[in-house]
$ cat coords25.txt   # compact mmCIF, C-alpha atoms
# COMPACT_ATOMS: atom_id res chain seq x y z
CA MET Y 225 -3.97 -11.05 -3.77
CA VAL Y 226 -6.90 -11.92 -1.48
CA ALA Y 227 -5.16 -15.14 -0.44
CA ALA Y 228 -2.06 -13.17 0.58
CA VAL Y 229 -4.17 -10.73 2.62
CA ASP Y 230 -6.04 -13.61 4.28
CA SER Y 231 -2.80 -15.44 5.09
CA GLY Y 232 -1.58 -12.26 6.79
CA GLY Y 233 -4.50 -12.41 9.21
CA CYS Y 234 -6.75 -9.84 7.55
CA ASP Y 235 -10.13 -10.30 5.91
CA GLY Y 236 -9.73 -9.88 2.17
CA ILE Y 237 -12.56 -9.68 -0.31
CA ASP Y 238 -12.39 -9.88 -4.08
CA VAL Y 239 -14.07 -6.93 -5.78
CA HIS Y 240 -14.09 -6.71 -9.56
CA MET Y 241 -14.21 -3.38 -11.41
CA SER Y 242 -17.51 -4.49 -12.96
CA ASP Y 243 -18.94 -4.70 -9.41
CA LEU Y 244 -17.84 -1.12 -8.70
CA LEU Y 245 -19.05 0.19 -12.06
CA ALA Y 246 -22.46 -1.51 -11.66
CA GLY Y 247 -22.83 -0.22 -8.08
CA ARG Y 248 -23.05 -3.75 -6.60
CA THR Y 249 -20.37 -2.86 -4.05
CA GLY Y 250 -18.24 0.08 -2.98
CA LEU Y 251 -15.06 0.95 -1.12
CA GLU Y 252 -16.66 2.43 2.00
CA ASP Y 253 -15.80 -0.57 4.20
CA CYS Y 254 -12.31 -1.11 2.78
CA GLN Y 255 -9.18 -0.10 4.66
CA ALA Y 256 -6.80 -1.27 1.96
CA LEU Y 257 -7.06 -1.58 -1.78
CA GLY Y 258 -4.80 -3.97 -3.65
CA ALA Y 259 -5.12 -3.95 -7.41
CA GLY Y 260 -3.40 -6.67 -9.39
CA GLY Y 261 -2.48 -5.89 -12.96
CA GLY Y 262 -1.17 -8.55 -15.26
CA PHE Y 263 -3.73 -8.81 -18.02
CA SER Y 264 -6.14 -6.27 -16.50
CA TYR Y 265 -7.56 -4.14 -19.29
CA GLY Y 266 -5.27 -5.87 -21.78
CA ASP Y 267 -1.62 -6.81 -21.63
CA VAL Y 268 -0.40 -3.76 -23.55
CA LEU Y 269 1.42 -0.58 -22.62
CA GLY Y 270 -1.14 2.01 -21.62
CA ALA Y 271 -3.70 -0.52 -20.39
CA GLY Y 272 -3.52 0.91 -16.87
CA GLU Y 273 -4.43 4.34 -18.22
CA GLY Y 274 -7.57 2.91 -19.82
CA TRP Y 275 -8.41 1.23 -16.50
CA ALA Y 276 -8.02 4.55 -14.68
CA LYS Y 277 -10.28 6.30 -17.17
CA SER Y 278 -13.05 3.79 -16.41
CA ILE Y 279 -12.82 5.20 -12.87
CA LEU Y 280 -12.25 8.88 -13.70
CA PHE Y 281 -15.09 9.11 -16.24
CA ASN Y 282 -17.69 7.47 -13.96
CA ASN Y 283 -18.68 10.09 -11.37
CA ARG Y 284 -19.95 7.62 -8.77
CA VAL Y 285 -16.87 5.37 -8.99
CA ARG Y 286 -14.57 8.40 -9.12
CA ASP Y 287 -16.16 9.63 -5.88
CA GLU Y 288 -15.70 6.15 -4.32
CA PHE Y 289 -11.97 6.23 -5.05
CA ASP Y 290 -11.59 9.90 -4.07
CA THR Y 291 -13.29 9.26 -0.72
CA PHE Y 292 -11.18 6.13 -0.15
CA PHE Y 293 -7.90 7.94 -0.85
CA HIS Y 294 -8.82 10.86 1.42
CA ARG Y 295 -9.84 8.74 4.42
CA PRO Y 296 -7.18 8.44 7.12
CA GLN Y 297 -5.57 5.07 7.69
CA THR Y 298 -6.03 3.63 4.18
CA LEU Y 299 -3.50 1.88 1.98
CA ALA Y 300 -3.47 1.36 -1.78
CA LEU Y 301 -1.15 -0.88 -3.78
CA GLY Y 302 -1.13 -1.27 -7.55
CA LEU Y 303 0.90 -3.99 -9.25
CA CYS Y 304 1.78 -4.16 -12.94
CA ASN Y 305 -0.96 -2.45 -15.00
CA ALA Y 306 -2.55 -1.41 -11.72
CA CYS Y 307 0.56 0.63 -10.86
CA GLN Y 308 0.03 2.54 -14.09
CA MET Y 309 -3.66 2.85 -13.17
CA MET Y 310 -2.76 4.32 -9.76
CA SER Y 311 -0.32 6.72 -11.40
CA THR Y 312 -3.09 7.94 -13.70
CA LEU Y 313 -5.45 8.37 -10.72
CA ARG Y 314 -2.91 10.68 -9.06
CA GLU Y 315 -5.26 13.68 -9.23
CA LEU Y 316 -7.42 11.90 -6.62
CA ILE Y 317 -4.56 10.87 -4.32
CA PRO Y 318 -3.18 13.19 -1.62
CA GLY Y 319 0.61 13.61 -1.63
CA ARG Y 320 1.04 12.67 -5.28
CA GLU Y 321 2.53 15.96 -6.45
CA ALA Y 322 5.99 14.48 -7.08
CA TRP Y 323 4.76 11.31 -8.80
CA PRO Y 324 5.96 10.65 -12.35
CA ARG Y 325 3.48 9.88 -15.10
CA SER Y 326 3.82 6.19 -15.96
CA VAL Y 327 3.61 6.03 -19.74
CA ARG Y 328 6.03 3.27 -20.69
CA CYS Y 329 8.05 0.49 -19.20
CA LEU Y 330 11.81 0.23 -19.59
CA LEU Y 331 13.38 -3.11 -18.97
CA TYR Y 332 16.48 -1.80 -17.21
CA PRO Y 333 17.03 1.20 -14.96
CA SER Y 334 18.72 3.79 -17.14
CA ASP Y 335 17.96 6.94 -19.04
CA PRO Y 336 15.39 6.30 -21.76
CA PRO Y 337 17.04 5.63 -25.12
CA SER Y 338 16.32 8.05 -27.93
CA ASP Y 339 15.19 5.11 -30.06
CA PRO Y 340 13.23 2.73 -27.77
CA THR Y 341 13.69 -0.36 -29.92
CA PRO Y 342 15.09 -3.58 -28.46
CA ALA Y 343 18.42 -3.01 -30.25
CA SER Y 344 18.84 0.39 -28.55
CA LEU Y 345 18.09 -0.82 -25.01
CA PRO Y 346 21.13 -1.16 -22.77
CA PRO Y 347 22.35 -4.67 -22.03
CA PRO Y 348 21.00 -6.18 -18.82
CA PRO Y 349 23.19 -5.89 -15.75
CA PRO Y 350 25.35 -8.95 -15.03
CA ILE Y 351 23.76 -11.54 -12.78
CA THR Y 352 25.80 -12.18 -9.68
CA PRO Y 353 25.05 -15.63 -8.25
CA TYR Y 354 24.58 -15.97 -4.53
CA PRO Y 355 27.52 -17.67 -2.80
CA PRO Y 356 26.83 -21.26 -1.79
CA HIS Y 357 25.56 -21.77 1.73
CA PRO Y 358 28.22 -23.07 4.12
CA PRO Y 359 27.50 -26.57 5.41
CA THR Y 360 25.53 -26.57 8.64
CA SER Y 361 27.79 -29.21 10.18
CA PRO Y 362 31.13 -30.64 9.14
CA PRO Y 363 30.99 -33.78 7.02
CA PRO Y 364 31.61 -37.05 8.84
CA PRO Y 365 35.17 -38.38 8.78
CA PRO Y 366 35.94 -40.96 6.12
CA PRO Y 367 35.64 -44.61 7.31
$ encode --input "coords25.txt" --output "structure tokens"
Amino acid sequence: MVAAVDSGGCDGIDVHMSDLLAGRTGLEDCQALGAGGGFSYGDVLGAGEGWAKSILFNNRVRDEFDTFFHRPQTLALGLCNACQMMSTLRELIPGREAWPRSVRCLLYPSDPPSDPTPASLPPPPPITPYPPHPPTSPPPPPP
């Protein structure tokens, strides 16, 4: 994520949760916070909630995030498990009143099935291939 920020012309720094929890760094100089998920706090459903609790149950780190979210001109983005983490931090984030609670992931946009087993999930939507690109110039005439 830092490489993407740097390539966009901004100065990105990599801050690990262990740095925040140990007090080695803070969020006071940050204007944007991008949290990548993936395998953060385990690659299981609910991992983002555990991540959020490491913030919510540490008063100093909780205050760091609360102050960050309440400063004007800040941006926060959570991907994958970090999206679930952000959803769980909603009590700290202004304007979050209408946010849903992220507790599970459905593979396809639909109403949740009554039995969330793979056999009860709806089939995936059909994949529509993109049309081929038209040639940029007509082919040369045959010899």
$ residues_around --input "coords25.txt" --residues "Y:Ala300" --least-positions-apart "2" --cutoff "9 Å" --atoms "all atoms listed in the file" --output "MDAnalysis selection string"
chainID Y and resid 255:259 293 298 302 310
$ residues_near_point --input "coords25.txt" --point "(-18.4, 1.9, 5.3)" --cutoff "12 Å" --atoms "all atoms listed in the file" --output "list in words"
Thr249, Gly250, Leu251, Glu252, Asp253, Cys254, Gln255, Glu288, Thr291, Phe292 and Arg295 of chain Y
$ write_last_selection --input "coords25.txt" --atoms "C-alpha atoms" --output "PDB file, in the frame of the given file"
ATOM      1  CA  THR Y 249     -20.370  -2.860  -4.050  1.00  0.00           C
ATOM      2  CA  GLY Y 250     -18.240   0.080  -2.980  1.00  0.00           C
ATOM      3  CA  LEU Y 251     -15.060   0.950  -1.120  1.00  0.00           C
ATOM      4  CA  GLU Y 252     -16.660   2.430   2.000  1.00  0.00           C
ATOM      5  CA  ASP Y 253     -15.800  -0.570   4.200  1.00  0.00           C
ATOM      6  CA  CYS Y 254     -12.310  -1.110   2.780  1.00  0.00           C
ATOM      7  CA  GLN Y 255      -9.180  -0.100   4.660  1.00  0.00           C
ATOM      8  CA  GLU Y 288     -15.700   6.150  -4.320  1.00  0.00           C
ATOM      9  CA  THR Y 291     -13.290   9.260  -0.720  1.00  0.00           C
ATOM     10  CA  PHE Y 292     -11.180   6.130  -0.150  1.00  0.00           C
ATOM     11  CA  ARG Y 295      -9.840   8.740   4.420  1.00  0.00           C
TER      12      ARG Y 295
END
$ atom_distance --input "coords25.txt" --atom1 "atom CA of Y:Gly319" --atom2 "atom CA of Y:Leu245"
26.0 Å
$ residues_around --input "coords25.txt" --residues "stretch 268-275 of chain Y" --least-positions-apart "5" --cutoff "6 Å" --atoms "all atoms listed in the file" --output "ChimeraX atom specification"
/Y:305-306,308-309,312
$ atom_distance --input "coords25.txt" --atom1 "atom CA of Y:Phe289" --atom2 "atom CA of Y:Leu313"
8.9 Å
$ atom_distance --input "coords25.txt" --atom1 "atom CA of Y:Arg286" --atom2 "atom CA of Y:Leu244"
10.1 Å
